[in-house]
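Asker: mmCIF, C-alpha atoms and all ligand atoms, saved as start-v5.cif, coming up:
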```
data_target
loop_
_atom_site.label_atom_id
_atom_site.label_comp_id
_atom_site.auth_asym_id
_atom_site.auth_seq_id
_atom_site.Cartn_x
_atom_site.Cartn_y
_atom_site.Cartn_z
CA MET A 131 -2.52 -0.92 -26.10
CA ASN A 132 0.70 -0.55 -24.21
CA THR A 133 0.55 -2.92 -21.28
CA ASP A 134 3.83 -2.29 -19.56
CA ILE A 135 3.69 -1.63 -15.88
CA ILE A 136 4.28 2.09 -16.05
CA SER A 137 1.46 2.68 -18.50
CA ARG A 138 -0.88 0.50 -16.43
CA TYR A 139 0.15 2.51 -13.39
CA GLU A 140 -0.58 5.74 -15.22
CA GLN A 141 -3.99 4.43 -16.26
CA VAL A 142 -4.80 3.74 -12.63
CA GLN A 143 -3.73 7.24 -11.67
CA LYS A 144 -5.96 8.60 -14.42
CA LYS A 145 -8.87 6.51 -13.17
CA ILE A 146 -8.39 7.90 -9.67
CA LYS A 147 -8.25 11.41 -11.04
CA ASN A 148 -11.41 10.96 -13.10
CA ALA A 149 -13.26 9.41 -10.18
CA CYS A 150 -12.25 12.37 -8.02
CA ASN A 151 -13.31 14.89 -10.66
CA ASP A 152 -16.69 13.19 -11.00
CA CYS A 153 -17.47 13.57 -7.32
CA GLY A 154 -15.76 16.88 -6.63
CA ARG A 155 -12.80 15.59 -4.66
CA ALA A 156 -9.14 16.52 -5.05
CA PRO A 157 -6.99 13.67 -6.43
CA ASP A 158 -4.27 14.41 -3.89
CA GLU A 159 -6.68 13.28 -1.15
CA ILE A 160 -6.19 9.72 -2.38
CA MET A 161 -3.14 7.66 -1.54
CA LEU A 162 -2.46 4.83 -3.96
CA VAL A 163 -0.95 1.71 -2.44
CA ALA A 164 0.44 -0.62 -5.11
CA VAL A 165 -0.23 -4.19 -4.00
CA SER A 166 2.74 -6.13 -5.30
CA LYS A 167 1.91 -9.54 -3.81
CA THR A 168 3.36 -12.48 -5.79
CA LYS A 169 4.96 -10.11 -8.32
CA PRO A 170 8.70 -9.78 -8.95
CA ASP A 171 10.91 -7.16 -7.30
CA GLU A 172 11.71 -5.90 -10.78
CA ASP A 173 8.15 -4.53 -11.11
CA VAL A 174 8.41 -2.82 -7.73
CA LEU A 175 11.73 -1.28 -8.68
CA LYS A 176 10.31 0.08 -11.94
CA LEU A 177 7.56 1.86 -10.04
CA ILE A 178 10.03 3.29 -7.55
CA GLU A 179 12.10 4.62 -10.43
CA ASN A 180 8.94 6.19 -11.74
CA GLY A 181 8.39 7.99 -8.43
CA HIS A 182 5.88 5.67 -6.74
CA TYR A 183 6.75 4.67 -3.19
CA HIS A 184 3.77 3.08 -1.42
CA PHE A 185 3.63 -0.71 -1.61
CA GLY A 186 1.44 -3.28 0.09
CA GLU A 187 1.88 -6.98 0.82
CA ASN A 188 -0.66 -9.28 2.43
CA ARG A 189 1.61 -11.97 3.86
CA ALA A 190 4.11 -11.35 6.63
CA LYS A 191 6.85 -13.45 5.07
CA ALA A 192 6.39 -11.90 1.64
CA LEU A 193 6.57 -8.42 3.13
CA GLN A 194 9.69 -9.29 5.04
CA ASP A 195 11.36 -10.71 1.93
CA ARG A 196 10.30 -7.69 -0.11
CA MET A 197 11.58 -5.14 2.39
CA GLU A 198 14.84 -7.04 2.51
CA SER A 199 15.37 -7.32 -1.24
CA VAL A 200 14.11 -3.86 -2.23
CA LYS A 201 16.45 -1.84 -0.12
CA ASN A 202 15.47 1.59 -1.43
CA PRO A 203 14.91 3.76 1.66
CA ALA A 204 12.31 5.83 -0.19
CA ALA A 205 9.89 2.89 -0.30
CA ILE A 206 6.97 3.00 2.15
CA TRP A 207 5.71 -0.40 3.21
CA HIS A 208 2.14 -1.34 4.09
CA PHE A 209 1.06 -4.62 5.58
CA ILE A 210 -2.52 -5.28 4.45
CA GLY A 211 -3.16 -8.96 5.16
CA ASN A 212 -4.48 -11.06 7.97
CA LEU A 213 -2.15 -10.27 10.84
CA GLN A 214 -1.01 -12.84 13.34
CA THR A 215 0.23 -11.13 16.47
CA ASN A 216 3.35 -13.27 16.61
CA LYS A 217 4.47 -11.92 13.20
CA ILE A 218 4.61 -8.30 14.32
CA LYS A 219 8.15 -8.61 15.63
CA TYR A 220 9.40 -9.58 12.17
CA MET A 221 8.01 -6.52 10.42
CA VAL A 222 8.38 -3.80 13.04
CA GLU A 223 11.85 -2.70 12.00
CA ARG A 224 10.84 -1.62 8.54
CA VAL A 225 7.07 -1.56 8.02
CA ASN A 226 5.53 1.92 7.87
CA TRP A 227 1.81 1.12 7.94
CA ILE A 228 -0.06 -1.87 9.31
CA GLN A 229 -3.54 -1.61 7.85
CA SER A 230 -4.98 -4.76 9.32
CA ILE A 231 -4.94 -4.51 13.09
CA HIS A 232 -8.17 -5.90 14.49
CA LYS A 233 -7.36 -6.88 18.07
CA LYS A 234 -6.30 -4.98 21.16
CA LYS A 235 -3.73 -7.69 21.67
CA ALA A 236 -2.06 -6.76 18.37
CA LEU A 237 -1.99 -3.07 19.34
CA LYS A 238 -0.33 -4.02 22.59
CA GLU A 239 2.28 -6.21 20.93
CA LEU A 240 3.02 -3.58 18.29
CA GLU A 241 3.47 -0.89 20.94
CA LYS A 242 5.87 -3.11 22.84
CA ARG A 243 7.97 -3.98 19.79
CA ALA A 244 7.97 -0.45 18.36
CA SER A 245 8.96 1.10 21.69
CA GLU A 246 11.92 -1.28 21.95
CA ILE A 247 13.36 0.20 18.77
CA ASN A 248 11.97 3.71 19.26
CA ARG A 249 10.05 3.66 15.99
CA VAL A 250 6.59 5.04 15.21
CA ILE A 251 4.25 2.86 13.15
CA ASN A 252 1.07 4.01 11.43
CA VAL A 253 -1.91 1.78 11.90
CA LEU A 254 -5.40 1.36 10.50
CA ILE A 255 -7.98 -0.64 12.36
CA GLN A 256 -9.52 -3.20 10.06
CA VAL A 257 -13.25 -3.51 10.50
CA ASN A 258 -15.40 -6.31 9.19
CA ILE A 259 -17.84 -4.59 6.84
CA SER A 260 -18.99 -7.50 4.71
CA GLU A 261 -21.46 -10.27 5.39
CA GLU A 262 -18.83 -12.78 4.43
CA ASP A 263 -17.64 -14.83 7.30
CA GLN A 264 -14.09 -13.59 7.58
CA LYS A 265 -11.76 -13.56 10.50
CA SER A 266 -10.13 -10.39 9.26
CA GLY A 267 -11.54 -7.24 10.76
CA CYS A 268 -12.99 -6.47 14.15
CA ASP A 269 -16.69 -6.30 14.83
CA PRO A 270 -17.83 -2.65 14.61
CA LYS A 271 -18.87 -2.94 18.26
CA GLN A 272 -15.24 -3.49 19.28
CA LEU A 273 -14.03 -0.32 17.64
CA GLU A 274 -14.71 2.04 20.51
CA GLY A 275 -12.75 -0.03 23.00
CA MET A 276 -9.80 -0.39 20.65
CA LEU A 277 -9.67 3.31 19.89
CA LYS A 278 -9.85 4.30 23.54
CA TYR A 279 -7.01 1.90 24.25
CA ALA A 280 -4.96 3.28 21.36
CA GLN A 281 -5.34 6.91 22.46
CA ASN A 282 -2.69 6.36 25.13
CA LEU A 283 -0.12 4.53 23.01
CA LYS A 284 3.07 6.32 21.98
CA TYR A 285 4.65 4.43 19.13
CA THR A 286 1.42 3.20 17.55
CA LYS A 287 -0.53 5.87 15.68
CA VAL A 288 -4.05 4.97 14.58
CA ARG A 289 -4.66 6.96 11.42
CA GLY A 290 -8.01 5.53 10.31
CA LEU A 291 -9.96 2.44 9.31
CA MET A 292 -9.56 -0.23 6.68
CA GLY A 293 -12.22 -2.45 5.18
CA MET A 294 -12.54 -5.22 2.63
CA ALA A 295 -15.78 -5.33 0.70
CA THR A 296 -17.49 -8.55 -0.28
CA PHE A 297 -15.67 -10.26 -3.15
CA THR A 298 -18.14 -9.57 -5.94
CA ASP A 299 -18.52 -7.53 -9.12
CA ASP A 300 -21.89 -6.29 -7.87
CA LEU A 301 -21.24 -2.69 -6.93
CA ASP A 302 -24.68 -2.48 -5.30
CA VAL A 303 -23.39 -4.91 -2.70
CA VAL A 304 -20.07 -3.15 -2.28
CA ARG A 305 -21.32 0.43 -1.99
CA PRO A 306 -23.28 0.04 1.27
CA GLU A 307 -20.26 -1.67 2.81
CA PHE A 308 -18.07 1.33 1.98
CA LYS A 309 -20.79 3.64 3.29
CA LEU A 310 -20.75 1.66 6.53
CA LEU A 311 -16.99 2.06 6.96
CA ARG A 312 -17.26 5.78 6.42
CA LYS A 313 -20.14 6.04 8.91
CA LEU A 314 -18.11 4.11 11.47
CA ARG A 315 -15.23 6.52 11.00
CA ASP A 316 -17.51 9.54 11.35
CA ASP A 317 -19.35 8.08 14.36
CA HIS A 318 -16.06 7.47 16.16
CA GLN A 319 -14.43 10.74 15.17
CA HIS A 320 -14.91 12.12 18.71
CA LEU A 321 -12.36 9.52 19.84
CA SER A 322 -9.64 11.18 17.73
CA LYS A 323 -7.26 12.30 20.42
CA GLY A 324 -3.85 11.29 21.68
CA SER A 325 -2.50 8.70 19.27
CA VAL A 326 -5.79 8.33 17.42
CA ASP A 327 -6.58 10.47 14.39
CA LEU A 328 -9.38 8.99 12.31
CA LYS A 329 -8.55 10.57 9.00
CA HIS A 330 -8.00 7.70 6.61
CA LEU A 331 -10.37 5.24 5.04
CA SER A 332 -8.54 2.47 3.22
CA MET A 333 -11.09 0.98 0.87
CA GLY A 334 -11.26 0.18 -2.81
CA MET A 335 -9.27 -2.23 -4.97
CA THR A 336 -8.94 -2.82 -8.72
CA ASN A 337 -12.63 -3.53 -9.32
CA ASP A 338 -14.26 -1.03 -7.02
CA LEU A 339 -11.90 1.89 -6.57
CA GLU A 340 -14.26 4.38 -8.22
CA VAL A 341 -17.16 3.50 -5.91
CA ALA A 342 -14.78 3.63 -2.95
CA ILE A 343 -13.64 7.12 -3.93
CA GLN A 344 -17.26 8.25 -4.30
CA GLU A 345 -17.88 6.96 -0.78
CA GLY A 346 -14.92 8.78 0.76
CA SER A 347 -11.89 6.52 0.44
CA THR A 348 -8.53 8.17 1.09
CA MET A 349 -6.42 5.10 0.27
CA VAL A 350 -6.96 2.60 -2.49
CA ARG A 351 -5.07 -0.69 -2.55
CA VAL A 352 -4.55 -1.72 -6.15
CA GLY A 353 -2.85 -4.89 -7.35
CA THR A 354 -4.19 -6.37 -10.58
CA ALA A 355 -4.75 -3.12 -12.47
CA ILE A 356 -1.08 -2.19 -11.97
CA PHE A 357 0.79 -5.49 -11.96
CA GLY A 358 -1.52 -7.62 -14.10
CA GLU A 359 -3.41 -10.79 -13.18
CA ARG A 360 -1.96 -13.02 -10.47
CA ASN A 361 -1.66 -16.77 -10.94
C1 LIG B 1 -4.75 -8.39 -3.06
C2 LIG B 1 -5.29 -7.32 -2.21
C3 LIG B 1 -5.64 -6.09 -2.76
C4 LIG B 1 -5.55 -5.75 -4.25
O1 LIG B 1 -6.46 -6.48 -4.98
P1 LIG B 1 -6.65 -6.26 -6.56
O2 LIG B 1 -8.05 -6.71 -6.80
O3 LIG B 1 -5.63 -7.09 -7.25
O4 LIG B 1 -6.48 -4.82 -6.83
C5 LIG B 1 -6.12 -5.11 -1.89
N1 LIG B 1 -6.23 -5.33 -0.57
C6 LIG B 1 -5.90 -6.51 -0.01
C7 LIG B 1 -6.05 -6.67 1.46
C8 LIG B 1 -5.43 -7.54 -0.81
O5 LIG B 1 -5.10 -8.71 -0.24
#
```
Translate the structure described by the file into structure tokens.
Ligand SMILES: *Cc1c(COP(=O)(O)O)cnc(C)c1O

Answerer:
Amino acid sequence: MNTDIISRYEQVQKKIKNACNDCGRAPDEIMLVAVSKTKPDEDVLKLIENGHYHFGENRAKALQDRMESVKNPAAIWHFIGNLQTNKIKYMVERVNWIQSIHKKKALKELEKRASEINRVINVLIQVNISEEDQKSGCDPKQLEGMLKYAQNLKYTKVRGLMGMATFTDDLDVVRPEFKLLRKLRDDHQHLSKGSVDLKHLSMGMTNDLEVAIQEGSTMVRVGTAIFGERN
């Protein structure tokens, strides 16, 4: 088996396509974000050469370094990790998507920083959908307030929701969590106005992307299956 990065990437694309075919969805509904965390720039550059542009990093410093060293203007950068509000100012000049906003305070800070440089940033609100005690993701009950607040922002565009499933191979645990995220999106759809447009659902990673696609994902964040195991 050829295990170079481009063939792994193509296998992931094929997996997405098959998953879509199996549940009657169009593959172009799914955005693939290649999660390059801890991997060398060389791998990122190979994918860019191959026509892939969406990349995700889960640490603010790593994203900053990556955006600095991979200067290709075609690259589209996603921040997907636990976001500390005080790190927003370091990424605002170049980041395209922040998938992990879970506090009104972060929306406010992002709006302030983005307006200063007249730049529009796409945002997903991260919701806590797993039973695991994790600080990342707002409580579903906070979603309405955050979305109403975001409707009136100008530089911060809320494009959907993001969720992390429980870290397990048990797809019977993961599936209801994805269903919950989709239900939350649908239940809040009436709040799509102004700068809020609840279109995207960012869910699914290497081990559960097929289930996520069956449950309505529009963005999968894939690291290991493309770049290989991390140390
Ligand atoms: C690392 C990471 C991923 C990718 O995980 P893999 O299992 O390697 O595909 C996706 N989302 C987030 C938030 C991550 O931190």

Asker: For ligand LIG 1 (chain B), list the contacting residues at 7 Å or closer, counting all atoms listed in the file, as an NGL selection string.

Answerer: :A and (165 or 167 or 188 or 210-211 or 294 or 335-337 or 351-355)

Asker: What is the distance between atom CA of Leu273 of chain A and atom CA of Val250 of chain A, in Å to one decimal?

Answerer: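 One can read the atom CA of Leu273 of chain A to atom CA of Val250 of chain A distance as 21.4 Å.
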
Asker: For Leu177 of chain A, work out the shell of residues within 12 Å, counting all atoms listed in the file and skipping chain neighbours fewer than 5 positions away, then give it as a ChimeraX atom specification.

Answerer: /A:134-140,163-166,170-172,182-185,200,202,204-205,356-357

Asker: What does the file look like for those residues with C-alpha atoms, as a short mmCIF file (atom, residue, chain, number, x, y, z; two decimals), in the frame of the given file?

Answerer:
```cif
data_model
loop_
_atom_site.label_atom_id
_atom_site.label_comp_id
_atom_site.auth_asym_id
_atom_site.auth_seq_id
_atom_site.Cartn_x
_atom_site.Cartn_y
_atom_site.Cartn_z
CA ASP A 134 3.83 -2.29 -19.56
CA ILE A 135 3.69 -1.63 -15.88
CA ILE A 136 4.28 2.09 -16.05
CA SER A 137 1.46 2.68 -18.50
CA ARG A 138 -0.88 0.50 -16.43
CA TYR A 139 0.15 2.51 -13.39
CA GLU A 140 -0.58 5.74 -15.22
CA VAL A 163 -0.95 1.71 -2.44
CA ALA A 164 0.44 -0.62 -5.11
CA VAL A 165 -0.23 -4.19 -4.00
CA SER A 166 2.74 -6.13 -5.30
CA PRO A 170 8.70 -9.78 -8.95
CA ASP A 171 10.91 -7.16 -7.30
CA GLU A 172 11.71 -5.90 -10.78
CA HIS A 182 5.88 5.67 -6.74
CA TYR A 183 6.75 4.67 -3.19
CA HIS A 184 3.77 3.08 -1.42
CA PHE A 185 3.63 -0.71 -1.61
CA VAL A 200 14.11 -3.86 -2.23
CA ASN A 202 15.47 1.59 -1.43
CA ALA A 204 12.31 5.83 -0.19
CA ALA A 205 9.89 2.89 -0.30
CA ILE A 356 -1.08 -2.19 -11.97
CA PHE A 357 0.79 -5.49 -11.96
#
```

Asker: So the first atom is atom CA of Val288 of chain A and the second is atom CA of Ser260 of chain A; what is the distance between them in Å, to one decimal place?

Answerer: 21.8 Å

Asker: Given the choices A:Ala244, A:Leu162, A:Ile259, A:Leu331, which gets closest to His208 of chain A if the distance is worked out from all atoms listed in the file?

Answerer: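 Of A:Ala244, A:Leu162, A:Ile259, A:Leu331, the one nearest His208 of chain A, counting all atoms listed in the file, is A:Leu162.
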
Asker: Take segment 224-235 of chain A, bring it up to all heavy atoms, and give me the output as a PDB file, in the coordinates of the input.

Answerer:
```
ATOM      1  N   ARG A 224      10.893  -2.340   9.815  1.00  0.00           N
ATOM      2  CA  ARG A 224      10.840  -1.620   8.540  1.00  0.00           C
ATOM      3  C   ARG A 224       9.454  -1.196   8.069  1.00  0.00           C
ATOM      4  O   ARG A 224       9.323  -0.294   7.253  1.00  0.00           O
ATOM      5  CB  ARG A 224      11.512  -2.439   7.440  1.00  0.00           C
ATOM      6  CG  ARG A 224      12.987  -2.117   7.342  1.00  0.00           C
ATOM      7  CD  ARG A 224      13.611  -2.793   6.157  1.00  0.00           C
ATOM      8  NE  ARG A 224      13.790  -4.202   6.462  1.00  0.00           N
ATOM      9  CZ  ARG A 224      14.901  -4.881   6.218  1.00  0.00           C
ATOM     10  NH1 ARG A 224      15.903  -4.293   5.635  1.00  0.00           N
ATOM     11  NH2 ARG A 224      14.999  -6.146   6.541  1.00  0.00           N
ATOM     12  N   VAL A 225       8.415  -1.884   8.540  1.00  0.00           N
ATOM     13  CA  VAL A 225       7.070  -1.560   8.020  1.00  0.00           C
ATOM     14  C   VAL A 225       6.689  -0.139   8.425  1.00  0.00           C
ATOM     15  O   VAL A 225       7.092   0.352   9.494  1.00  0.00           O
ATOM     16  CB  VAL A 225       6.038  -2.597   8.521  1.00  0.00           C
ATOM     17  CG1 VAL A 225       5.700  -2.402   9.994  1.00  0.00           C
ATOM     18  CG2 VAL A 225       4.778  -2.569   7.674  1.00  0.00           C
ATOM     19  N   ASN A 226       5.956   0.553   7.563  1.00  0.00           N
ATOM     20  CA  ASN A 226       5.530   1.920   7.870  1.00  0.00           C
ATOM     21  C   ASN A 226       4.058   2.004   8.272  1.00  0.00           C
ATOM     22  O   ASN A 226       3.674   2.843   9.071  1.00  0.00           O
ATOM     23  CB  ASN A 226       5.766   2.829   6.662  1.00  0.00           C
ATOM     24  CG  ASN A 226       7.206   2.825   6.224  1.00  0.00           C
ATOM     25  OD1 ASN A 226       7.588   2.079   5.329  1.00  0.00           O
ATOM     26  ND2 ASN A 226       8.042   3.616   6.878  1.00  0.00           N
ATOM     27  N   TRP A 227       3.243   1.149   7.658  1.00  0.00           N
ATOM     28  CA  TRP A 227       1.810   1.120   7.940  1.00  0.00           C
ATOM     29  C   TRP A 227       1.383  -0.340   8.150  1.00  0.00           C
ATOM     30  O   TRP A 227       1.715  -1.195   7.323  1.00  0.00           O
ATOM     31  CB  TRP A 227       0.981   1.660   6.763  1.00  0.00           C
ATOM     32  CG  TRP A 227       1.096   3.120   6.486  1.00  0.00           C
ATOM     33  CD1 TRP A 227       2.131   3.754   5.841  1.00  0.00           C
ATOM     34  CD2 TRP A 227       0.124   4.128   6.803  1.00  0.00           C
ATOM     35  NE1 TRP A 227       1.852   5.098   5.754  1.00  0.00           N
ATOM     36  CE2 TRP A 227       0.637   5.357   6.323  1.00  0.00           C
ATOM     37  CE3 TRP A 227      -1.125   4.118   7.431  1.00  0.00           C
ATOM     38  CZ2 TRP A 227      -0.059   6.561   6.464  1.00  0.00           C
ATOM     39  CZ3 TRP A 227      -1.815   5.307   7.568  1.00  0.00           C
ATOM     40  CH2 TRP A 227      -1.282   6.517   7.086  1.00  0.00           C
ATOM     41  N   ILE A 228       0.632  -0.582   9.191  1.00  0.00           N
ATOM     42  CA  ILE A 228      -0.060  -1.870   9.310  1.00  0.00           C
ATOM     43  C   ILE A 228      -1.549  -1.558   9.222  1.00  0.00           C
ATOM     44  O   ILE A 228      -2.109  -0.887  10.093  1.00  0.00           O
ATOM     45  CB  ILE A 228       0.293  -2.602  10.629  1.00  0.00           C
ATOM     46  CG1 ILE A 228       1.802  -2.870  10.694  1.00  0.00           C
ATOM     47  CG2 ILE A 228      -0.493  -3.913  10.705  1.00  0.00           C
ATOM     48  CD1 ILE A 228       2.258  -3.599  11.960  1.00  0.00           C
ATOM     49  N   GLN A 229      -2.149  -2.001   8.123  1.00  0.00           N
ATOM     50  CA  GLN A 229      -3.540  -1.610   7.850  1.00  0.00           C
ATOM     51  C   GLN A 229      -4.555  -2.585   8.431  1.00  0.00           C
ATOM     52  O   GLN A 229      -5.755  -2.365   8.303  1.00  0.00           O
ATOM     53  CB  GLN A 229      -3.775  -1.550   6.332  1.00  0.00           C
ATOM     54  CG  GLN A 229      -2.927  -0.539   5.609  1.00  0.00           C
ATOM     55  CD  GLN A 229      -3.585  -0.082   4.309  1.00  0.00           C
ATOM     56  OE1 GLN A 229      -4.716  -0.450   3.991  1.00  0.00           O
ATOM     57  NE2 GLN A 229      -2.877   0.719   3.539  1.00  0.00           N
ATOM     58  N   SER A 230      -4.073  -3.658   9.019  1.00  0.00           N
ATOM     59  CA  SER A 230      -4.980  -4.760   9.320  1.00  0.00           C
ATOM     60  C   SER A 230      -4.934  -5.182  10.782  1.00  0.00           C
ATOM     61  O   SER A 230      -4.980  -6.361  11.090  1.00  0.00           O
ATOM     62  CB  SER A 230      -4.631  -5.934   8.405  1.00  0.00           C
ATOM     63  OG  SER A 230      -3.214  -6.108   8.357  1.00  0.00           O
ATOM     64  N   ILE A 231      -4.881  -4.196  11.658  1.00  0.00           N
ATOM     65  CA  ILE A 231      -4.940  -4.510  13.090  1.00  0.00           C
ATOM     66  C   ILE A 231      -6.417  -4.667  13.470  1.00  0.00           C
ATOM     67  O   ILE A 231      -7.232  -3.804  13.153  1.00  0.00           O
ATOM     68  CB  ILE A 231      -4.297  -3.374  13.912  1.00  0.00           C
ATOM     69  CG1 ILE A 231      -2.806  -3.283  13.590  1.00  0.00           C
ATOM     70  CG2 ILE A 231      -4.598  -3.551  15.401  1.00  0.00           C
ATOM     71  CD1 ILE A 231      -1.862  -3.780  14.629  1.00  0.00           C
ATOM     72  N   HIS A 232      -6.759  -5.758  14.105  1.00  0.00           N
ATOM     73  CA  HIS A 232      -8.170  -5.900  14.490  1.00  0.00           C
ATOM     74  C   HIS A 232      -8.347  -6.438  15.913  1.00  0.00           C
ATOM     75  O   HIS A 232      -9.433  -6.838  16.285  1.00  0.00           O
ATOM     76  CB  HIS A 232      -8.928  -6.762  13.474  1.00  0.00           C
ATOM     77  CG  HIS A 232      -8.462  -8.167  13.391  1.00  0.00           C
ATOM     78  ND1 HIS A 232      -7.321  -8.529  12.714  1.00  0.00           N
ATOM     79  CD2 HIS A 232      -8.973  -9.292  13.900  1.00  0.00           C
ATOM     80  CE1 HIS A 232      -7.161  -9.840  12.811  1.00  0.00           C
ATOM     81  NE2 HIS A 232      -8.146 -10.327  13.529  1.00  0.00           N
ATOM     82  N   LYS A 233      -7.263  -6.415  16.678  1.00  0.00           N
ATOM     83  CA  LYS A 233      -7.360  -6.880  18.070  1.00  0.00           C
ATOM     84  C   LYS A 233      -6.537  -5.968  18.974  1.00  0.00           C
ATOM     85  O   LYS A 233      -5.445  -5.524  18.589  1.00  0.00           O
ATOM     86  CB  LYS A 233      -6.784  -8.290  18.186  1.00  0.00           C
ATOM     87  CG  LYS A 233      -7.691  -9.370  17.669  1.00  0.00           C
ATOM     88  CD  LYS A 233      -7.137 -10.731  18.032  1.00  0.00           C
ATOM     89  CE  LYS A 233      -6.399 -11.290  16.845  1.00  0.00           C
ATOM     90  NZ  LYS A 233      -5.889 -12.624  16.990  1.00  0.00           N
ATOM     91  N   LYS A 234      -7.032  -5.748  20.167  1.00  0.00           N
ATOM     92  CA  LYS A 234      -6.300  -4.980  21.160  1.00  0.00           C
ATOM     93  C   LYS A 234      -4.938  -5.631  21.433  1.00  0.00           C
ATOM     94  O   LYS A 234      -3.925  -4.956  21.610  1.00  0.00           O
ATOM     95  CB  LYS A 234      -7.124  -4.929  22.452  1.00  0.00           C
ATOM     96  CG  LYS A 234      -6.993  -3.626  23.203  1.00  0.00           C
ATOM     97  CD  LYS A 234      -7.772  -3.660  24.505  1.00  0.00           C
ATOM     98  CE  LYS A 234      -9.164  -3.079  24.347  1.00  0.00           C
ATOM     99  NZ  LYS A 234      -9.914  -3.058  25.622  1.00  0.00           N
ATOM    100  N   LYS A 235      -4.956  -6.946  21.427  1.00  0.00           N
ATOM    101  CA  LYS A 235      -3.730  -7.690  21.670  1.00  0.00           C
ATOM    102  C   LYS A 235      -2.631  -7.333  20.650  1.00  0.00           C
ATOM    103  O   LYS A 235      -1.444  -7.237  20.986  1.00  0.00           O
ATOM    104  CB  LYS A 235      -4.056  -9.188  21.577  1.00  0.00           C
ATOM    105  CG  LYS A 235      -3.015 -10.119  22.091  1.00  0.00           C
ATOM    106  CD  LYS A 235      -3.547 -11.567  22.063  1.00  0.00           C
ATOM    107  CE  LYS A 235      -2.529 -12.454  21.378  1.00  0.00           C
ATOM    108  NZ  LYS A 235      -3.103 -13.659  20.777  1.00  0.00           N
TER     109      LYS A 235
END
```
